[in-house]
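One structure below.
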Amino acid sequence: VGSEMCIRDRLHDMEVYQPIAINLVSQQALEPDLVEFIEQQIEYYDIPGSYLMIEVTEKVLSTFSSKAREVIGQLRALDVKISIDQFSGSYESLRYVRKMSVDQVKLNCLQLKDKTDNSTDKAIINALVNLAKGMKLPLVGVNVDTKEVETNFINIGGELVQGNAISKGVVLDEFEIWLKRFLA
């Protein structure tokens with residue numbers, strides 16, 4: 001978390017205010033001191049909890065449901081945002097999403113490439129997009145690595161995407177140069 005806060009300071013110097021997302025693997029999500037550590041970092045770096053989004057996988061929610069609910073509740077009390085990664089839309093995951101009041105879900109869009117043999121997968125993704133919209137739940141399409149996948153996701157109603165089609169990623173110094181050109 002410490003090195004990400006240095007990035008935050010540099011971004012703020014450029015007048016860019018974006019939340020920081022941290023993806024936790026199953027072992028990290030259940031660490032007994034996780035919430036206390038995050039609270040200490042928020043206080044030490046003097047940032048609002050709302051600038052932090054913790055991403056946990058759907059598997060963590062279903063495998064460790066009571067512990068995950070407890071940790072998520074404690075993080076929400078700090079105003080930390082919660083994202084469910086690798087969302088499948090299973091009945092169990094929908095129950096957890098509804099009960100835990102998460103801020104967004106992330107849906108894998110790998111199956112949206114134009115192939116004739118995956119129309120069932122496309123239909124499932126389409127249904128999940130509609131379901132998330134019906135629940136007024138922000139949905140992010142992930143693994144959007146080509147313009148084709150991005151277009152297909154948008155065509156079925158998706159709005160937010162993450163992946164190489166948007167940006168292959170840049171280091172902070174390159175971002176600073178790009179931002180100066182963009183704002184000029």
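Starting from 1 in every chain, residues are counted up; chains themselves are A, B, ... following the order of the structure tokens, and ligands are numbered from 1 as listed.
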
Every residue of stretch 45-159 of chain A that DSSP places in strand (DSSP E), as a PyMOL selection string: chain A and resi 52-57+81-85+104-108+139-142

Backbone DSSP call of alpha helix (DSSP H) for stretch 70-144 of chain A, listed as an MDAnalysis selection string: chainID A and resid 70:77 91:100 119:134

Contact residues around A:Ile42 with only C-alpha atoms at 10 Å, ignoring same-chain residues under 6 positions, as a list of chain:residue names: A:Val1, A:Met5, A:Glu36, A:Pro48, A:Gly49, A:Ser50, A:Tyr51, A:Leu52, A:Leu78, A:Val80

Nearest residue to A:Gln104 from the set A:Asp145, A:Asp46, A:Glu58, A:Glu176 (distances using only C-alpha atoms):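 Closest to A:Gln104, using only C-alpha atoms: A:Glu58.
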
Determine, counting only C-alpha atoms, which protein, DNA and RNA residues have an atom within 7 Å of an atom of stretch 126-134 of chain A; residues of the same chain fewer than 6 positions away are not included. Present the result as a PDB file with C-alpha atoms, in the first residue's frame.
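This went into result10.pdb:
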```
ATOM      1  CA  GLY A  89     -23.799 -14.499 -11.566  1.00  0.00           C
ATOM      2  CA  ILE A 156     -24.964  -5.743 -25.132  1.00  0.00           C
ATOM      3  CA  GLY A 157     -25.278  -2.798 -22.747  1.00  0.00           C
ATOM      4  CA  GLY A 158     -21.977  -2.791 -20.884  1.00  0.00           C
TER       5      GLY A 158
END
```

For atom CA of A:Asn108 and atom CA of A:Arg95, the interatomic separation in Å (one decimal):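 Result for atom CA of A:Asn108 versus atom CA of A:Arg95: 19.5 Å, one decimal.
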
Coordinates-based distance that separates atom CA of A:Asn164 from atom CA of A:Thr146 (Å, one decimal):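 Calculated distance between atom CA of A:Thr146 and atom CA of A:Asn164 is 6.8 Å.
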
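Shortest atom-to-atom contact with A:Lys81 among A:Pro138, A:Ile124, A:Ala21, A:Tyr45: A:Ala21, counting only C-alpha atoms.
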
Length of the atom CA of A:Ser167 to atom CA of A:Lys59 vector [Å]: 27.5 Å

Nearby residues (only C-alpha atoms) at most 12 Å from A:Pro32, same-chain spacing under 6 positions excluded, as number ranges by chain: A: 38, 67-68, 70-71, 74
